Amino acid sequence: MRSVGTVLSLVVLATLVATFARRWRIPAPSLLVVAGLAVALLPGTPPIGISPEIIGLVVLPPLLYASAEELSWRELRAVWKPVGVLAIGLVLASAAAVGVVASLVTPLSWRMAFVLGAVLASTDPVAVTALGRRLALPPRVQMLVQAESLFNDATSLVLFRVAVGVAVAAAAADWGAAGGEFVVLAGGGTLIGGAVAGLVALIRRRTEDPVLETVIALVTPYAAYVLAESAHTSGVTSVVVAGVVLGGRGDRLTNARIRLQLHAVYGTVVFLLESVVFSLIGLALPAQVRALSDGDRGWPLYALAVAGTLVAVRLLWLAPLSALVQRKGGMKRLNWRVPLVLTWAGTRGVVPLAAALSVPEASKDGGVLADRPLVLVLTTSVVVVTLVVQGFTLAPVVRRSGIALEPDHTEREEASARCRLADAGIRRLDELAELEALPGVVVERLRRGLNARLDDARDRLAETGGGASVESDDLIYRQVRRDLIAVEAAELRRLYDGHAISDTTRRRLQRSLDLEEARLTDV
């Protein structure tokens with residue numbers, strides 16, 4: 001009963017803090033970590049441990065799936081080469097650098113220093129997505145940061161398994177086998193994720209039951225994760241692939257009412273899970289510190305050294321890569337602000353913590369891995385440092401860099417797209433009016449609504465004036481308005497496929513059309 005009360009208290013605390021973070025417009029993950037740390041330091045607070053099984057199996061799949069759904073196929077195709085370089089090359093470089101620094105400045109053996117490097121080598125998709133939601137980054141920069149964090153799991157997981165094998169068995173690393181394992185993890189996870197996405201798409205096309213659709217959407221990430229892990233491949237990669245495939249086709253799988261319901265349900269689930277997991281990171285650190293031996297009391301300095309190493313290696317890796325991309329793009333004057341923002345956006349979070357918690361407590365010969373508590377403390381500390389320091393300062397860094405999109409830019413793009421959608425609807429309405437198949441009152445009512453949207457294109461939904469005097473006319477109005485919404489949705493897809501609008505604008509306008517279509521159903 002006490003554990004249930006602790007969980008409920010944690011949920012209430014996390015929800016309150018996350019709500020205030022949204023109200024104050026500050027990064028919720030950073031504030032949640034600070035709040036969790038403050039509560040853990042209060043006298044009488046019971047020690048709270050984190051189970052790697054709970055994090056890996058319960059929390060991660062839906063959060064990863066929600067992050068992957070936000071990826072755009074179009075932008076992803078444009079950045080796949082630098083994403084591949086970062087997901088493999090930068091992960092290897094970060095692991096090696098952290099391993100060397102940790103073996104030199106901390107009491108860790110070189111084997112456990114290698115484990116620490118593998119744990120912290122990759123950026124965290126949950127933290128990156130949560131911190132990046134309110135940043136007005138250019139689409140390709142945002143895509144690069146998110147895609148890197150989602151697709152570097154296979155590399156870091158292979159490194160982690162090799163490092164743990166060396167530490168536990170005290171054997172030499174088999175890099176040949178590691179290469180084969182990487183292919184199995186990444187390739188197998190991709191195949192299973194694609195298969196799950198195909199099956200789910202097939203089912204969702206054949207059902208319009210809101211309850212069943214919601215259950216399928218909630219179960220999908222868990223199915224992708226469990227199936228991939230059971231096949232000894234990467235569950236994270238499987239969830240990401242399933243999310244990317246289904247996220248890009250969501251507007252074609254279900255109707256507007258179900259899409260709105262799924263958006264609300266998944267938004268609630270993600271809000272609760274993110275709130276709890278980030279507060280847990282802060283809550284867990286004091287108890288982990290108390291488990292250290294007297295010889296490890298210099299852990300704050302060790303953590304700062306490791307965090308500084310990660311930032312330095314990331315900047316040194318991104319600067320020449322950015323210069324190369326800009327040179328190929330024909331830019332004569334190099335822009336160093338982009339690699340700086342990309343460097344500062346590379347935070348750590350839930351995934352490294354789950355990996356550190358899964359390090360065995362004993363070696364194969366039965367001996368205790370004495371360095372495990374320090375690895376756990378350093379991992380959590382680096383996560384806290386990146387989430388707090390980089391999290392609170394990321395928005396100012398983006399603003400001062402000058403690469404952030406101005407609000408006027410986004411409003412102009414959305415207003416222009418709304419005009420194009422309304423134009424498409426008016427053209428379709430003119431075609432129907434020429435056939436003289438509609439009552440005049442219906443045509444005029446529809447035309448007034450579309451013209452109002454043209455006159456005030458920045459409004460999300462047009463205010464339609466006048467009411468039908470006859471019930472049959474109102475029914476015809478709704479039927480024809482649905483037809484016009486379908487035309488506008490087709491025009492929206494055409495604008496997006498033609499690179500006239502960003503994925504953010506497409507999703508926003510699609511939601512507006514969904515809201516209007518659902519409102520027609522409610523009448």
# chains A, B, ... in the order shown; residues from 1 in each chain; ligands from 1

call {"tool": "residues_around", "arguments": {"residues": "Trp73 of chain A", "least_positions_apart": "2", "cutoff": "8 Å", "atoms": "only C-alpha atoms", "output": "ChimeraX atom specification"}}
result
/A:71,75-77,244,248

call {"tool": "write_last_selection", "arguments": {"atoms": "N, CA and C atoms", "output": "JSON list (two decimals), in the first residue's frame"}}
result
[["chain", "number", "residue", "atom", "x", "y", "z"],
["A", 71, "LEU", "N", 8.28, 12.73, -36.71],
["A", 71, "LEU", "CA", 9.26, 12.83, -37.79],
["A", 71, "LEU", "C", 8.55, 12.90, -39.15],
["A", 75, "GLU", "N", 11.57, 15.54, -44.59],
["A", 75, "GLU", "CA", 12.76, 16.09, -43.96],
["A", 75, "GLU", "C", 13.77, 15.01, -43.60],
["A", 76, "LEU", "N", 13.27, 13.81, -43.24],
["A", 76, "LEU", "CA", 14.18, 12.72, -42.88],
["A", 76, "LEU", "C", 15.02, 12.28, -44.07],
["A", 77, "ARG", "N", 14.41, 12.23, -45.25],
["A", 77, "ARG", "CA", 15.18, 11.87, -46.45],
["A", 77, "ARG", "C", 16.26, 12.91, -46.75],
["A", 244, "VAL", "N", 7.58, 6.13, -37.22],
["A", 244, "VAL", "CA", 7.82, 6.95, -38.41],
["A", 244, "VAL", "C", 6.88, 6.55, -39.54],
["A", 248, "GLY", "N", 3.60, 9.13, -40.60],
["A", 248, "GLY", "CA", 3.50, 9.78, -41.89],
["A", 248, "GLY", "C", 2.24, 9.46, -42.66]]

call {"tool": "select_by_dssp", "arguments": {"residues": "segment 372-456 of chain A", "states": "alpha helix (DSSP H)", "output": "PyMOL selection string"}}
result
chain A and resi 372-385+391-401+407-434+440-455

call {"tool": "atom_distance", "arguments": {"atom1": "atom CA of Val382 of chain A", "atom2": "atom CA of Val226 of chain A"}}
result
28.8 Å

call {"tool": "atom_distance", "arguments": {"atom1": "atom CA of Arg482 of chain A", "atom2": "atom CA of Arg252 of chain A"}}
result
15.3 Å

call {"tool": "residues_around", "arguments": {"residues": "Ala68 of chain A", "least_positions_apart": "4", "cutoff": "12 Å", "atoms": "only C-alpha atoms", "output": "PyMOL selection string"}}
result
chain A and resi 60-64+72-73+76+125-126+128-129+143+146-151+193+221+236-248

call {"tool": "atom_distance", "arguments": {"atom1": "atom CA of Leu394 of chain A", "atom2": "atom CA of Ile26 of chain A"}}
result
10.5 Å

call {"tool": "closest_residue", "arguments": {"among": "A:Leu108, A:Val91, A:Leu86, A:Ile192", "to": "Leu318 of chain A", "atoms": "only C-alpha atoms"}}
result
A:Leu86

call {"tool": "closest_residue", "arguments": {"among": "A:Asn152, A:Gln142, A:Thr380, A:Ser293", "to": "Asp124 of chain A", "atoms": "only C-alpha atoms"}}
result
A:Asn152

call {"tool": "closest_residue", "arguments": {"among": "A:Glu208, A:Trp317, A:Val311, A:Pro107", "to": "Ala87 of chain A", "atoms": "only C-alpha atoms"}}
result
A:Trp317

call {"tool": "closest_residue", "arguments": {"among": "A:Ser122, A:Asn451, A:Ser512, A:Thr106", "to": "Leu374 of chain A", "atoms": "only C-alpha atoms"}}
result
A:Thr106

call {"tool": "residues_around", "arguments": {"residues": "Gln390 of chain A", "least_positions_apart": "6", "cutoff": "12 Å", "atoms": "only C-alpha atoms", "output": "PyMOL selection string"}}
result
chain A and resi 27+29-30+127-128+131-132+307-308+311+340-349+382-384+396-398

call {"tool": "write_last_selection", "arguments": {"atoms": "C-alpha atoms", "output": "mmCIF file, in the first residue's frame"}}
result
data_model
loop_
_atom_site.group_PDB
_atom_site.id
_atom_site.type_symbol
_atom_site.label_atom_id
_atom_site.label_comp_id
_atom_site.auth_asym_id
_atom_site.auth_seq_id
_atom_site.Cartn_x
_atom_site.Cartn_y
_atom_site.Cartn_z
ATOM 1 C CA PRO A 27 11.408 23.511 -20.138
ATOM 2 C CA PRO A 29 12.004 18.200 -18.185
ATOM 3 C CA SER A 30 14.506 20.568 -16.559
ATOM 4 C CA ALA A 127 14.677 14.392 -23.589
ATOM 5 C CA VAL A 128 15.546 15.869 -26.993
ATOM 6 C CA LEU A 131 13.014 20.039 -24.859
ATOM 7 C CA GLY A 132 12.667 20.806 -28.560
ATOM 8 C CA ALA A 307 29.661 16.141 -19.190
ATOM 9 C CA GLY A 308 32.263 18.600 -20.483
ATOM 10 C CA VAL A 311 29.928 18.597 -25.135
ATOM 11 C CA LEU A 340 26.673 25.282 -31.756
ATOM 12 C CA VAL A 341 22.908 24.830 -31.411
ATOM 13 C CA LEU A 342 23.153 21.165 -32.422
ATOM 14 C CA THR A 343 25.851 20.639 -29.808
ATOM 15 C CA TRP A 344 23.852 22.251 -27.011
ATOM 16 C CA ALA A 345 20.718 20.280 -27.987
ATOM 17 C CA GLY A 346 22.443 16.921 -27.430
ATOM 18 C CA THR A 347 21.059 16.108 -23.979
ATOM 19 C CA ARG A 348 21.018 12.776 -22.157
ATOM 20 C CA GLY A 349 17.999 11.355 -20.374
ATOM 21 C CA VAL A 382 25.456 13.738 -16.250
ATOM 22 C CA VAL A 383 21.790 13.328 -17.174
ATOM 23 C CA VAL A 384 20.836 15.889 -14.506
ATOM 24 C CA PRO A 396 18.324 31.482 -25.142
ATOM 25 C CA VAL A 397 21.116 29.863 -27.158
ATOM 26 C CA VAL A 398 18.726 29.260 -30.053
#
